[in-house]
file upload_33.tsv (TSV, C-alpha atoms)
chain	number	residue	atom	x	y	z
A	1	MET	CA	139.85	13.57	-288.54
A	2	ALA	CA	141.33	11.27	-285.92
A	3	ARG	CA	144.64	9.43	-285.63
A	4	GLY	CA	145.74	10.88	-288.94
A	5	ARG	CA	142.70	9.82	-290.91
A	6	TYR	CA	139.30	11.22	-291.80
A	7	LEU	CA	136.14	10.11	-290.07
A	8	ALA	CA	132.97	9.26	-291.97
A	9	PRO	CA	130.82	12.16	-293.21
A	10	ALA	CA	128.30	13.33	-290.65
A	11	SER	CA	125.77	16.00	-289.78
A	12	VAL	CA	126.74	18.13	-286.78
A	13	TYR	CA	123.82	19.76	-284.97
A	14	ILE	CA	124.62	22.69	-282.67
A	15	GLU	CA	122.37	24.17	-280.01
A	16	ASN	CA	123.17	26.93	-277.50
A	17	GLY	CA	126.82	27.00	-278.48
A	18	ARG	CA	127.43	23.29	-278.01
A	19	ILE	CA	127.35	20.24	-280.21
A	20	LYS	CA	124.07	18.44	-279.54
A	21	SER	CA	124.43	15.53	-281.93
A	22	VAL	CA	126.67	14.03	-284.61
A	23	THR	CA	124.69	11.73	-286.91
A	24	PRO	CA	125.03	10.29	-290.42
A	25	GLU	CA	122.02	12.33	-291.54
A	26	PRO	CA	120.52	15.65	-290.37
A	27	PRO	CA	117.89	15.40	-287.61
A	28	PRO	CA	114.43	14.84	-289.16
A	29	ALA	CA	112.98	18.02	-287.66
A	30	LEU	CA	114.82	21.25	-286.93
A	31	PRO	CA	113.55	24.36	-285.13
A	32	GLY	CA	112.55	27.32	-287.26
A	33	GLY	CA	115.35	29.75	-287.94
A	34	THR	CA	118.02	27.05	-287.82
A	35	VAL	CA	121.11	28.08	-289.80
A	36	ARG	CA	122.12	25.40	-292.26
A	37	VAL	CA	125.67	25.13	-293.58
A	38	GLN	CA	126.14	22.89	-296.59
A	39	ALA	CA	129.64	21.44	-296.41
A	40	ALA	CA	129.50	18.39	-298.64
A	41	GLY	CA	133.01	17.31	-299.56
A	42	ALA	CA	134.55	19.60	-296.94
A	43	VAL	CA	136.54	18.69	-293.85
A	44	LEU	CA	135.63	19.71	-290.30
A	45	VAL	CA	138.66	20.54	-288.18
A	46	PRO	CA	138.68	21.56	-284.50
A	47	GLY	CA	139.25	25.27	-284.04
A	48	LEU	CA	142.94	26.12	-284.07
A	49	ILE	CA	144.75	27.40	-280.97
A	50	ASP	CA	147.66	29.84	-281.14
A	51	ALA	CA	149.71	28.81	-278.10
A	52	HIS	CA	151.79	32.00	-278.07
A	53	ALA	CA	149.68	34.88	-279.28
A	54	TRP	CA	150.00	38.60	-278.90
A	55	ALA	CA	146.56	40.18	-278.56
A	56	ALA	CA	146.74	43.46	-276.69
A	57	PRO	CA	146.57	47.15	-277.58
A	58	ALA	CA	149.80	48.27	-279.23
A	59	PRO	CA	150.84	51.35	-281.19
A	60	GLY	CA	148.70	51.40	-284.31
A	61	LEU	CA	146.87	48.17	-283.43
A	62	GLU	CA	143.85	47.54	-281.24
A	63	ALA	CA	143.05	44.25	-279.51
A	64	ASP	CA	140.07	43.79	-281.84
A	65	TYR	CA	142.47	43.58	-284.77
A	66	PHE	CA	144.22	40.59	-283.23
A	67	TYR	CA	140.94	38.92	-282.27
A	68	LEU	CA	139.34	39.34	-285.69
A	69	MET	CA	142.50	38.30	-287.53
A	70	GLY	CA	142.60	35.13	-285.49
A	71	LEU	CA	138.97	34.21	-286.07
A	72	ALA	CA	139.21	35.06	-289.79
A	73	HIS	CA	141.92	32.41	-290.10
A	74	GLY	CA	140.21	29.73	-288.03
A	75	VAL	CA	141.94	30.45	-284.72
A	76	THR	CA	139.31	29.98	-282.02
A	77	GLY	CA	141.72	29.95	-279.08
A	78	TYR	CA	144.59	32.23	-278.01
A	79	ARG	CA	147.09	31.77	-275.19
A	80	VAL	CA	147.95	35.41	-274.66
A	81	LEU	CA	151.24	36.06	-272.88
A	82	ASN	CA	152.55	39.33	-271.45
A	83	VAL	CA	149.60	41.67	-270.98
A	84	ARG	CA	148.50	44.01	-268.21
A	85	THR	CA	147.25	41.60	-265.57
A	86	SER	CA	143.81	42.99	-264.73
A	87	TRP	CA	143.06	43.83	-268.36
A	88	GLY	CA	144.06	40.37	-269.56
A	89	VAL	CA	141.93	38.56	-266.98
A	90	SER	CA	138.97	40.80	-267.80
A	91	GLN	CA	139.33	40.14	-271.53
A	92	ARG	CA	139.52	36.41	-270.87
A	93	GLU	CA	136.23	36.47	-269.00
A	94	ARG	CA	134.61	38.57	-271.70
A	95	SER	CA	135.77	36.07	-274.35
A	96	ILE	CA	134.10	33.28	-272.40
A	97	SER	CA	130.83	35.17	-271.83
A	98	GLY	CA	130.62	36.38	-275.43
A	99	ASP	CA	130.82	40.07	-274.53
A	100	ILE	CA	133.56	40.45	-277.14
A	101	LEU	CA	133.99	38.80	-280.52
A	102	ALA	CA	137.25	37.00	-279.93
A	103	PRO	CA	138.88	33.58	-279.77
A	104	ARG	CA	138.64	31.88	-276.38
A	105	LEU	CA	141.45	33.42	-274.33
A	106	TRP	CA	143.85	31.97	-271.78
A	107	THR	CA	146.09	34.67	-270.37
A	108	SER	CA	149.13	35.52	-268.30
A	109	GLY	CA	149.68	38.78	-266.49
A	110	ARG	CA	152.62	41.10	-267.06
A	111	GLY	CA	155.63	39.35	-268.49
A	112	ILE	CA	158.33	38.89	-265.86
A	113	ASN	CA	161.87	39.79	-266.89
A	114	GLN	CA	165.07	41.08	-265.35
A	115	GLY	CA	166.33	44.54	-266.21
A	116	ALA	CA	163.04	45.40	-267.93
A	117	SER	CA	161.66	48.92	-267.95
A	118	PRO	CA	158.61	48.44	-265.70
A	119	ASP	CA	155.32	49.31	-267.38
A	120	ARG	CA	151.83	47.90	-267.78
A	121	TRP	CA	153.15	44.95	-269.79
A	122	LEU	CA	156.44	44.04	-268.10
A	123	PHE	CA	157.60	43.54	-264.52
A	124	ASP	CA	161.25	43.89	-263.49
A	125	ALA	CA	162.20	40.96	-261.26
A	126	THR	CA	165.41	42.17	-259.67
A	127	ASP	CA	165.82	38.99	-257.60
A	128	PRO	CA	163.92	35.77	-256.74
A	129	SER	CA	162.00	37.29	-253.80
A	130	VAL	CA	160.75	40.18	-255.93
A	131	ALA	CA	159.70	37.73	-258.65
A	132	ILE	CA	157.80	35.61	-256.10
A	133	GLY	CA	155.87	38.67	-254.94
A	134	GLU	CA	154.72	39.45	-258.47
A	135	VAL	CA	153.80	35.82	-259.11
A	136	ARG	CA	151.60	35.80	-256.02
A	137	ARG	CA	149.89	39.01	-257.11
A	138	GLN	CA	149.18	37.49	-260.52
A	139	ILE	CA	147.85	34.27	-258.98
A	140	ASP	CA	145.54	36.33	-256.76
A	141	ALA	CA	144.33	38.08	-259.93
A	142	GLN	CA	143.43	34.63	-261.33
A	143	VAL	CA	145.75	34.44	-264.33
A	144	ASN	CA	146.15	31.15	-266.18
A	145	TRP	CA	149.87	31.59	-266.84
A	146	VAL	CA	152.97	33.31	-265.56
A	147	ALA	CA	155.17	34.35	-268.49
A	148	GLY	CA	158.92	34.46	-267.94
A	149	TYR	CA	161.20	36.14	-270.46
A	150	ASP	CA	164.70	35.88	-271.79
A	151	ALA	CA	166.72	37.80	-269.17
A	152	LEU	CA	165.59	35.70	-266.19
A	153	THR	CA	168.30	33.57	-264.62
A	154	PRO	CA	167.78	29.92	-263.55
A	155	ASP	CA	167.41	30.80	-259.85
A	156	ILE	CA	164.57	33.19	-260.61
A	157	TYR	CA	162.82	30.65	-262.83
A	158	LYS	CA	163.06	28.05	-260.05
A	159	ALA	CA	161.58	30.56	-257.61
A	160	ILE	CA	158.73	31.39	-259.99
A	161	VAL	CA	157.88	27.74	-260.60
A	162	GLY	CA	158.00	27.07	-256.87
A	163	ALA	CA	155.64	29.97	-256.18
A	164	THR	CA	153.00	28.52	-258.51
A	165	LYS	CA	152.96	25.04	-256.95
A	166	GLY	CA	149.44	23.96	-256.07
A	167	SER	CA	147.84	27.03	-257.67
A	168	GLY	CA	146.93	25.53	-261.04
A	169	VAL	CA	148.84	28.37	-262.73
A	170	ARG	CA	151.54	27.29	-265.17
A	171	VAL	CA	154.84	28.93	-266.10
A	172	SER	CA	156.22	29.57	-269.58
A	173	GLY	CA	159.90	30.32	-270.12
A	174	GLN	CA	161.93	31.89	-272.90
A	175	PRO	CA	165.59	30.85	-273.32
A	176	GLY	CA	168.27	33.49	-272.95
A	177	ALA	CA	169.95	34.00	-269.60
A	178	SER	CA	168.53	30.53	-268.91
A	179	SER	CA	169.06	27.83	-271.54
A	180	MET	CA	166.40	25.35	-272.63
A	181	ASN	CA	168.23	22.87	-270.41
A	182	ASP	CA	167.95	25.27	-267.46
A	183	LEU	CA	164.25	25.84	-268.10
A	184	ALA	CA	163.62	22.11	-268.15
A	185	ALA	CA	165.47	21.77	-264.84
A	186	ALA	CA	163.38	24.58	-263.36
A	187	GLY	CA	160.19	22.76	-264.34
A	188	VAL	CA	158.45	25.27	-266.59
A	189	ALA	CA	155.42	23.95	-268.48
A	190	SER	CA	156.41	25.35	-271.86
A	191	ILE	CA	159.54	26.64	-273.55
A	192	GLU	CA	158.99	29.51	-275.97
A	193	THR	CA	161.36	29.46	-278.99
A	194	LEU	CA	164.33	27.12	-279.44
A	195	ALA	CA	167.03	29.67	-278.67
A	196	TYR	CA	170.04	28.67	-276.51
A	197	PRO	CA	169.51	24.93	-276.11
A	198	LEU	CA	172.37	24.03	-273.76
A	199	LYS	CA	174.07	27.09	-272.31
A	200	PRO	CA	172.86	30.56	-271.27
A	201	ARG	CA	173.14	33.39	-273.73
A	202	ASN	CA	176.69	34.07	-274.89
A	203	GLY	CA	176.58	35.31	-278.45
A	204	THR	CA	173.60	34.85	-280.74
A	205	ALA	CA	171.05	32.04	-280.63
A	206	ALA	CA	172.41	30.91	-284.00
A	207	ASP	CA	175.90	30.65	-282.51
A	208	ALA	CA	174.52	28.52	-279.68
A	209	TRP	CA	172.89	26.07	-282.07
A	210	LEU	CA	175.85	25.79	-284.39
A	211	ALA	CA	178.18	25.13	-281.44
A	212	ALA	CA	175.95	22.48	-279.83
A	213	ALA	CA	177.28	18.93	-279.94
A	214	ALA	CA	174.95	16.23	-281.27
A	215	ARG	CA	175.42	14.13	-278.12
A	216	ASP	CA	174.40	17.04	-275.88
A	217	LEU	CA	171.36	17.82	-278.02
A	218	ALA	CA	170.31	14.17	-277.82
A	219	ALA	CA	170.55	14.34	-274.02
A	220	LEU	CA	168.47	17.52	-274.02
A	221	GLN	CA	165.86	15.84	-276.19
A	222	THR	CA	165.62	12.92	-273.78
A	223	ARG	CA	165.24	15.28	-270.82
A	224	LEU	CA	162.48	17.26	-272.52
A	225	VAL	CA	160.56	14.17	-273.56
A	226	ARG	CA	160.79	12.49	-270.16
A	227	GLY	CA	159.81	15.71	-268.44
A	228	ARG	CA	156.81	16.09	-270.77
A	229	MET	CA	157.93	19.61	-271.63
A	230	THR	CA	155.97	21.32	-274.36
A	231	LEU	CA	158.03	23.22	-276.93
A	232	VAL	CA	156.52	26.24	-278.66
A	233	PRO	CA	159.25	26.58	-281.29
A	234	MET	CA	157.93	29.56	-283.31
A	235	MET	CA	159.73	28.40	-286.42
A	236	ALA	CA	157.92	30.88	-288.66
A	237	ALA	CA	159.10	33.79	-286.52
A	238	ALA	CA	162.66	32.48	-286.77
A	239	MET	CA	162.38	32.51	-290.56
A	240	ALA	CA	162.50	36.32	-290.49
A	241	THR	CA	166.24	36.23	-289.85
A	242	ALA	CA	166.95	32.89	-291.56
A	243	PHE	CA	164.95	33.44	-294.76
A	244	PRO	CA	164.31	37.20	-294.92
A	245	GLU	CA	163.91	37.13	-298.71
A	246	GLU	CA	160.92	34.81	-298.30
A	247	VAL	CA	159.39	36.79	-295.47
A	248	THR	CA	159.49	40.08	-297.38
A	249	GLN	CA	157.49	38.37	-300.14
A	250	ASP	CA	154.83	37.04	-297.77
A	251	PRO	CA	151.50	38.40	-299.09
A	252	ALA	CA	150.14	38.41	-295.54
A	253	LEU	CA	152.30	41.46	-294.79
A	254	ALA	CA	149.63	43.49	-296.59
A	255	LEU	CA	147.37	42.80	-293.59
A	256	LEU	CA	149.67	44.84	-291.31
A	257	PRO	CA	149.44	48.63	-290.98
A	258	GLU	CA	151.63	50.29	-293.60
A	259	ALA	CA	154.07	51.71	-291.05
A	260	ARG	CA	154.67	48.32	-289.41
A	261	ARG	CA	155.02	46.61	-292.78
A	262	ALA	CA	157.60	49.15	-293.94
A	263	GLU	CA	159.51	48.94	-290.66
A	264	LEU	CA	159.71	45.13	-290.85
A	265	LYS	CA	160.85	45.09	-294.47
A	266	ALA	CA	163.47	47.77	-293.79
A	267	ALA	CA	164.87	45.82	-290.83
A	268	LEU	CA	165.03	42.59	-292.83
A	269	GLY	CA	166.72	44.36	-295.71
A	270	LYS	CA	169.55	45.51	-293.42
A	271	LEU	CA	170.49	42.05	-292.17
A	272	PRO	CA	174.13	41.25	-293.04
A	273	ALA	CA	174.51	38.35	-295.47
A	274	ALA	CA	176.81	36.51	-293.06
A	275	ALA	CA	174.26	36.78	-290.26
A	276	VAL	CA	171.50	35.49	-292.54
A	277	ALA	CA	173.63	32.53	-293.64
A	278	LYS	CA	174.36	31.66	-290.01
A	279	ALA	CA	170.69	31.99	-289.02
A	280	LYS	CA	169.71	29.72	-291.91
A	281	ARG	CA	172.13	27.01	-290.79
A	282	ALA	CA	170.83	27.32	-287.24
A	283	TRP	CA	167.20	27.08	-288.44
A	284	ILE	CA	168.04	23.86	-290.27
A	285	SER	CA	169.68	22.49	-287.11
A	286	GLN	CA	166.64	23.44	-285.04
A	287	ALA	CA	164.38	21.77	-287.61
A	288	ALA	CA	166.35	18.53	-287.40
A	289	PHE	CA	166.16	18.64	-283.60
A	290	LEU	CA	162.42	19.28	-283.72
A	291	LYS	CA	161.83	16.37	-286.08
A	292	ARG	CA	163.78	14.00	-283.81
A	293	PHE	CA	161.94	15.37	-280.79
A	294	VAL	CA	158.51	14.70	-282.31
A	295	ASN	CA	159.60	11.24	-283.51
A	296	ALA	CA	160.50	10.53	-279.87
A	297	ARG	CA	156.95	11.56	-278.90
A	298	GLY	CA	157.93	14.99	-277.72
A	299	ARG	CA	155.21	17.60	-277.33
A	300	VAL	CA	155.05	20.57	-279.71
A	301	ALA	CA	152.44	23.33	-279.63
A	302	ALA	CA	152.08	25.87	-282.43
A	303	GLY	CA	152.56	29.53	-281.51
A	304	THR	CA	153.34	32.69	-283.44
A	305	GLY	CA	154.86	35.24	-281.05
A	306	PHE	CA	154.13	38.39	-283.02
A	307	GLU	CA	155.29	40.62	-280.15
A	308	LEU	CA	158.83	39.20	-280.27
A	309	GLY	CA	159.74	40.49	-283.73
A	310	GLY	CA	156.64	41.65	-285.61
A	311	TYR	CA	156.34	38.45	-287.68
A	312	PRO	CA	154.43	36.33	-288.57
A	313	VAL	CA	151.23	38.31	-289.12
A	314	PRO	CA	148.53	37.60	-286.50
A	315	GLY	CA	145.93	35.00	-287.44
A	316	VAL	CA	147.39	33.93	-290.75
A	317	GLY	CA	150.68	33.54	-288.91
A	318	LEU	CA	149.50	30.32	-287.32
A	319	HIS	CA	149.18	28.81	-290.79
A	320	ARG	CA	152.70	30.06	-291.54
A	321	GLU	CA	153.85	28.29	-288.39
A	322	LEU	CA	152.19	25.02	-289.38
A	323	ALA	CA	153.79	25.22	-292.82
A	324	ALA	CA	157.15	25.87	-291.14
A	325	LEU	CA	156.69	22.80	-288.93
A	326	VAL	CA	156.04	20.68	-292.02
A	327	ARG	CA	159.06	22.26	-293.69
A	328	ALA	CA	161.05	21.21	-290.63
A	329	GLY	CA	160.07	17.61	-291.30
A	330	LEU	CA	156.87	17.04	-289.32
A	331	PRO	CA	154.01	15.22	-291.08
A	332	PRO	CA	150.94	17.44	-291.64
A	333	ILE	CA	148.96	15.55	-288.97
A	334	GLU	CA	151.61	16.38	-286.36
A	335	ALA	CA	151.50	20.05	-287.35
A	336	ILE	CA	147.71	20.02	-287.04
A	337	ARG	CA	147.95	18.41	-283.62
A	338	ALA	CA	150.36	21.15	-282.58
A	339	ALA	CA	147.54	23.65	-283.14
A	340	THR	CA	144.71	21.48	-281.79
A	341	SER	CA	145.10	18.63	-279.30
A	342	THR	CA	148.59	19.47	-277.97
A	343	ALA	CA	147.85	23.19	-277.80
A	344	ALA	CA	144.54	22.49	-276.06
A	345	ASP	CA	146.28	20.33	-273.49
A	346	LEU	CA	148.92	23.01	-272.93
A	347	VAL	CA	146.47	25.82	-272.27
A	348	GLY	CA	144.42	23.63	-269.96
A	349	ALA	CA	141.36	23.17	-272.15
A	350	LYS	CA	139.24	20.08	-271.65
A	351	PRO	CA	140.26	17.23	-273.98
A	352	ALA	CA	136.79	17.28	-275.51
A	353	VAL	CA	137.50	20.74	-276.91
A	354	VAL	CA	139.06	19.09	-279.96
A	355	ARG	CA	136.49	16.34	-280.40
A	356	PHE	CA	133.21	16.30	-282.26
A	357	THR	CA	131.09	14.78	-279.50
A	358	PRO	CA	127.78	15.84	-277.93
A	359	GLY	CA	128.21	18.39	-275.17
A	360	THR	CA	131.42	19.83	-276.61
A	361	ASP	CA	131.72	23.58	-277.20
A	362	ALA	CA	131.13	24.17	-280.89
A	363	ASN	CA	134.48	25.65	-282.00
A	364	PHE	CA	135.61	24.35	-285.37
A	365	ILE	CA	136.32	25.29	-288.96
A	366	VAL	CA	135.10	24.03	-292.32
A	367	VAL	CA	137.96	23.48	-294.74
A	368	SER	CA	138.13	22.58	-298.41
A	369	GLY	CA	140.98	20.46	-299.71
A	370	ASP	CA	143.04	17.79	-297.97
A	371	PRO	CA	145.09	19.24	-295.05
A	372	LEU	CA	146.39	15.78	-294.11
A	373	LYS	CA	148.15	15.75	-297.46
A	374	THR	CA	148.83	19.46	-298.01
A	375	ILE	CA	149.08	21.58	-294.86
A	376	GLU	CA	148.38	24.77	-296.83
A	377	ASP	CA	144.85	23.46	-297.47
A	378	LEU	CA	144.09	24.07	-293.80
A	379	ALA	CA	143.93	27.77	-294.66
A	380	SER	CA	141.18	27.19	-297.25
A	381	ILE	CA	138.46	27.99	-294.71
A	382	THR	CA	134.86	28.43	-295.84
A	383	HIS	CA	133.23	28.80	-292.41
A	384	VAL	CA	134.38	29.51	-288.86
A	385	ILE	CA	132.20	28.30	-285.98
A	386	ARG	CA	132.97	29.98	-282.67
A	387	ALA	CA	130.80	29.05	-279.67
A	388	GLY	CA	128.16	27.78	-282.09
A	389	GLU	CA	127.96	30.98	-284.14
A	390	VAL	CA	128.74	30.69	-287.84
A	391	PHE	CA	131.04	33.30	-289.40
A	392	ASP	CA	132.20	34.00	-292.92
A	393	PRO	CA	136.00	34.37	-292.78
A	394	LYS	CA	135.90	37.03	-295.50
A	395	VAL	CA	133.58	39.18	-293.41
A	396	LEU	CA	135.79	38.73	-290.36
A	397	LEU	CA	138.86	39.70	-292.38
A	398	ALA	CA	137.14	42.85	-293.64
A	399	LYS	CA	136.34	43.80	-290.03
A	400	ALA	CA	139.94	43.14	-289.03
A	401	LYS	CA	141.17	45.51	-291.72
A	402	GLN	CA	138.82	48.18	-290.40
A	403	ALA	CA	140.10	47.63	-286.85
A	404	ARG	CA	143.69	47.80	-288.11
A	405	GLY	CA	143.48	51.30	-289.50
A	406	LYS	CA	146.17	52.53	-291.87
call {"tool": "encode", "arguments": {"input": "upload_33.tsv", "output": "structure tokens"}}
result
Amino acid sequence: MARGRYLAPASVYIENGRIKSVTPEPPPALPGGTVRVQAAGAVLVPGLIDAHAWAAPAPGLEADYFYLMGLAHGVTGYRVLNVRTSWGVSQRERSISGDILAPRLWTSGRGINQGASPDRWLFDATDPSVAIGEVRRQIDAQVNWVAGYDALTPDIYKAIVGATKGSGVRVSGQPGASSMNDLAAAGVASIETLAYPLKPRNGTAADAWLAAAARDLAALQTRLVRGRMTLVPMMAAAMATAFPEEVTQDPALALLPEARRAELKAALGKLPAAAVAKAKRAWISQAAFLKRFVNARGRVAAGTGFELGGYPVPGVGLHRELAALVRAGLPPIEAIRAATSTAADLVGAKPAVVRFTPGTDANFIVVSGDPLKTIEDLASITHVIRAGEVFDPKVLLAKAKQARGK
């Protein structure tokens, strides 16, 4: 598909992990042992990219679970934020070489926050100079991203962005002690979630949205568009507090370990009705902002953010995010772009990664249905092609369940 329409049917020939030719008919002669995939009537879609994934060992979950869940649901690329620096870089290289069965990884090092309990996954930046030191260590370790989190103040974000200048490493920021407006002023490359649009944290994110004036939100939109900021709104994750009754009925929860599933449902069941009502109104306000932002040619990349609240479920969660973007008012093609071309541009992939042209890495999915009309059809995947290798999503899902444990 291109420019919101389908291209003519074609035969895609893959050799050594790359697309060798795209022709109306199959090549007249093929080498022995060639794997043939009959996909008449199906749609080929570039592999999806989760622009805010969590894919690292966690209590009850191994990294392989996250990798297999992603691939089983057509996610051939992960931007992984907040992992132990050396481990993350090593996993990235192994994903490129094929040493591990995983989506292609782009990774940050330890998440940088203020007041954090220092461990393998988080670094406590007590002031700008300390933050700069950690940024330089991560750059030396050859990370792709520096991930800032919600307790960092604007001066620290400015210091972090300044420390990455000329390195090719980009900075992501999460609103909290710094608003979306502050993050834009600091020059981060992506803003994770839509919390606290105009002012630093004072009350809940829902309070901040409900108190925001339309004129100020319009000015923020203009600033974000002109600055070519990429928003990673994580609207599906926000639905946990805004629409908990829907989330508890999500069949994908069965793909989580039992203990995590029970913990999530219990937490959602304890949300006060008043808080849910407020979160729902805020979600609707965020959706309206997002729709206006995209209509103004703002950049949106699809991300899930499982580590932030335990929802949505890895892999399938990206489809939940795309459905949430459409629910927010985006056309299906814009949601698909958020997980393909815009996400690829954000992570730094070559533009050809989302094109079916000779020489391109063969990462795509075979889909039945009409995802340009019904976004849910994008999840009707019959085959996943990762680096030229053909996988059955059902087999991948079975392996993911084994890696998950109980």
call {"tool": "atom_distance", "arguments": {"input": "upload_33.tsv", "atom1": "CA of Pro197 (chain A)", "atom2": "CA of Ser179 (chain A)"}}
result
5.4 Å
call {"tool": "closest_atom_pairs", "arguments": {"input": "upload_33.tsv", "of": "region 26-111 of chain A", "to": "region 373-386 of chain A", "cutoff": "8 Å", "atoms": "only C-alpha atoms", "output": "Markdown table"}}
result
| residue | atom | partner | partner_atom | distance |
| --- | --- | --- | --- | --- |
| A:Gly47 | CA | A:Ile385 | CA | 7.9 |
| A:Leu71 | CA | A:Val384 | CA | 7.1 |
| A:Ala72 | CA | A:Val384 | CA | 7.4 |
| A:His73 | CA | A:Ala379 | CA | 6.8 |
| A:Gly74 | CA | A:Val384 | CA | 5.9 |
| A:Thr76 | CA | A:Arg386 | CA | 6.4 |
| A:Pro103 | CA | A:Arg386 | CA | 7.5 |
call {"tool": "closest_residue", "arguments": {"input": "upload_33.tsv", "among": "A:Tyr311, A:Tyr196, A:Trp106, A:Phe293", "to": "Ala267 (chain A)", "atoms": "all atoms listed in the file"}}
result
A:Tyr311
call {"tool": "closest_atom_pairs", "arguments": {"input": "upload_33.tsv", "of": "region 271-380 of chain A", "to": "region 250-258 of chain A", "cutoff": "9 Å", "atoms": "only C-alpha atoms", "output": "JSON lines"}}
result
{"residue": "A:Tyr311", "atom": "CA", "partner": "A:Leu253", "partner_atom": "CA", "distance": 8.7}
{"residue": "A:Pro312", "atom": "CA", "partner": "A:Leu253", "partner_atom": "CA", "distance": 8.3}
{"residue": "A:Val313", "atom": "CA", "partner": "A:Ala252", "partner_atom": "CA", "distance": 6.5}
{"residue": "A:Pro314", "atom": "CA", "partner": "A:Leu256", "partner_atom": "CA", "distance": 8.8}
{"residue": "A:Val316", "atom": "CA", "partner": "A:Ala252", "partner_atom": "CA", "distance": 7.1}
{"residue": "A:Gly317", "atom": "CA", "partner": "A:Ala252", "partner_atom": "CA", "distance": 8.2}
call {"tool": "atom_distance", "arguments": {"input": "upload_33.tsv", "atom1": "CA of Ser190 (chain A)", "atom2": "CA of Phe243 (chain A)"}}
result
25.7 Å
call {"tool": "axis_aligned_box", "arguments": {"input": "upload_33.tsv", "around": "region 34-39 of chain A", "padding_each_side": "6 Å", "output": "JSON"}}
result
{"center_x": 123.8, "center_y": 24.8, "center_z": -292.2, "size_x": 23.6, "size_y": 18.6, "size_z": 20.8}
call {"tool": "atom_distance", "arguments": {"input": "upload_33.tsv", "atom1": "CA of Tyr149 (chain A)", "atom2": "CA of Leu220 (chain A)"}}
result
20.3 Å
call {"tool": "residues_near_point", "arguments": {"input": "upload_33.tsv", "point": "(158.9, 12.1, -279.3)", "cutoff": "10 Å", "atoms": "only C-alpha atoms", "output": "PDB file with C-alpha atoms, keeping the file's coordinate frame"}}
result
ATOM      1  CA  GLN A 221     165.860  15.840-276.190  1.00  0.00           C
ATOM      2  CA  THR A 222     165.620  12.920-273.780  1.00  0.00           C
ATOM      3  CA  LEU A 224     162.480  17.260-272.520  1.00  0.00           C
ATOM      4  CA  VAL A 225     160.560  14.170-273.560  1.00  0.00           C
ATOM      5  CA  ARG A 226     160.790  12.490-270.160  1.00  0.00           C
ATOM      6  CA  ARG A 228     156.810  16.090-270.770  1.00  0.00           C
ATOM      7  CA  LEU A 290     162.420  19.280-283.720  1.00  0.00           C
ATOM      8  CA  LYS A 291     161.830  16.370-286.080  1.00  0.00           C
ATOM      9  CA  ARG A 292     163.780  14.000-283.810  1.00  0.00           C
ATOM     10  CA  PHE A 293     161.940  15.370-280.790  1.00  0.00           C
ATOM     11  CA  VAL A 294     158.510  14.700-282.310  1.00  0.00           C
ATOM     12  CA  ASN A 295     159.600  11.240-283.510  1.00  0.00           C
ATOM     13  CA  ALA A 296     160.500  10.530-279.870  1.00  0.00           C
ATOM     14  CA  ARG A 297     156.950  11.560-278.900  1.00  0.00           C
ATOM     15  CA  GLY A 298     157.930  14.990-277.720  1.00  0.00           C
ATOM     16  CA  ARG A 299     155.210  17.600-277.330  1.00  0.00           C
ATOM     17  CA  VAL A 300     155.050  20.570-279.710  1.00  0.00           C
TER      18      VAL A 300
END
call {"tool": "closest_residue", "arguments": {"input": "upload_33.tsv", "among": "A:Gly315, A:Glu389, A:Glu192, A:Ser285", "to": "Asp64 (chain A)", "atoms": "only C-alpha atoms"}}
result
A:Gly315
call {"tool": "residues_around", "arguments": {"input": "upload_33.tsv", "residues": "region 6-22 of chain A", "least_positions_apart": "5", "cutoff": "12 Å", "atoms": "only C-alpha atoms", "output": "MDAnalysis selection string"}}
result
chainID A and resid 1 27:31 33:45 96:98 333 352:364 366 370:373 385:390
call {"tool": "closest_residue", "arguments": {"input": "upload_33.tsv", "among": "A:Ala51, A:Leu264, A:Ala219, A:Ala277", "to": "Ser172 (chain A)", "atoms": "only C-alpha atoms"}}
result
A:Ala51
call {"tool": "residues_around", "arguments": {"input": "upload_33.tsv", "residues": "Val171 (chain A)", "least_positions_apart": "5", "cutoff": "6 Å", "atoms": "only C-alpha atoms", "output": "PDB file with C-alpha atoms, keeping the file's coordinate frame"}}
result
ATOM      1  CA  TRP A 145     149.870  31.590-266.840  1.00  0.00           C
ATOM      2  CA  VAL A 146     152.970  33.310-265.560  1.00  0.00           C
ATOM      3  CA  ALA A 147     155.170  34.350-268.490  1.00  0.00           C
ATOM      4  CA  VAL A 188     158.450  25.270-266.590  1.00  0.00           C
ATOM      5  CA  ALA A 189     155.420  23.950-268.480  1.00  0.00           C
TER       6      ALA A 189
END
call {"tool": "residues_around", "arguments": {"input": "upload_33.tsv", "residues": "Ala335 (chain A)", "least_positions_apart": "3", "cutoff": "6 Å", "atoms": "all atoms listed in the file", "output": "PyMOL selection string"}}
result
chain A and resi 322+332+338
call {"tool": "residues_around", "arguments": {"input": "upload_33.tsv", "residues": "Thr248 (chain A)", "least_positions_apart": "4", "cutoff": "8 Å", "atoms": "all atoms listed in the file", "output": "PDB file with C-alpha atoms, keeping the file's coordinate frame"}}
result
ATOM      1  CA  PRO A 244     164.310  37.200-294.920  1.00  0.00           C
ATOM      2  CA  LEU A 253     152.300  41.460-294.790  1.00  0.00           C
ATOM      3  CA  LYS A 265     160.850  45.090-294.470  1.00  0.00           C
ATOM      4  CA  LEU A 268     165.030  42.590-292.830  1.00  0.00           C
TER       5      LEU A 268
END
call {"tool": "closest_residue", "arguments": {"input": "upload_33.tsv", "among": "A:Leu68, A:Ala211, A:Ala141, A:Ala58", "to": "Ala400 (chain A)", "atoms": "all atoms listed in the file"}}
result
A:Leu68
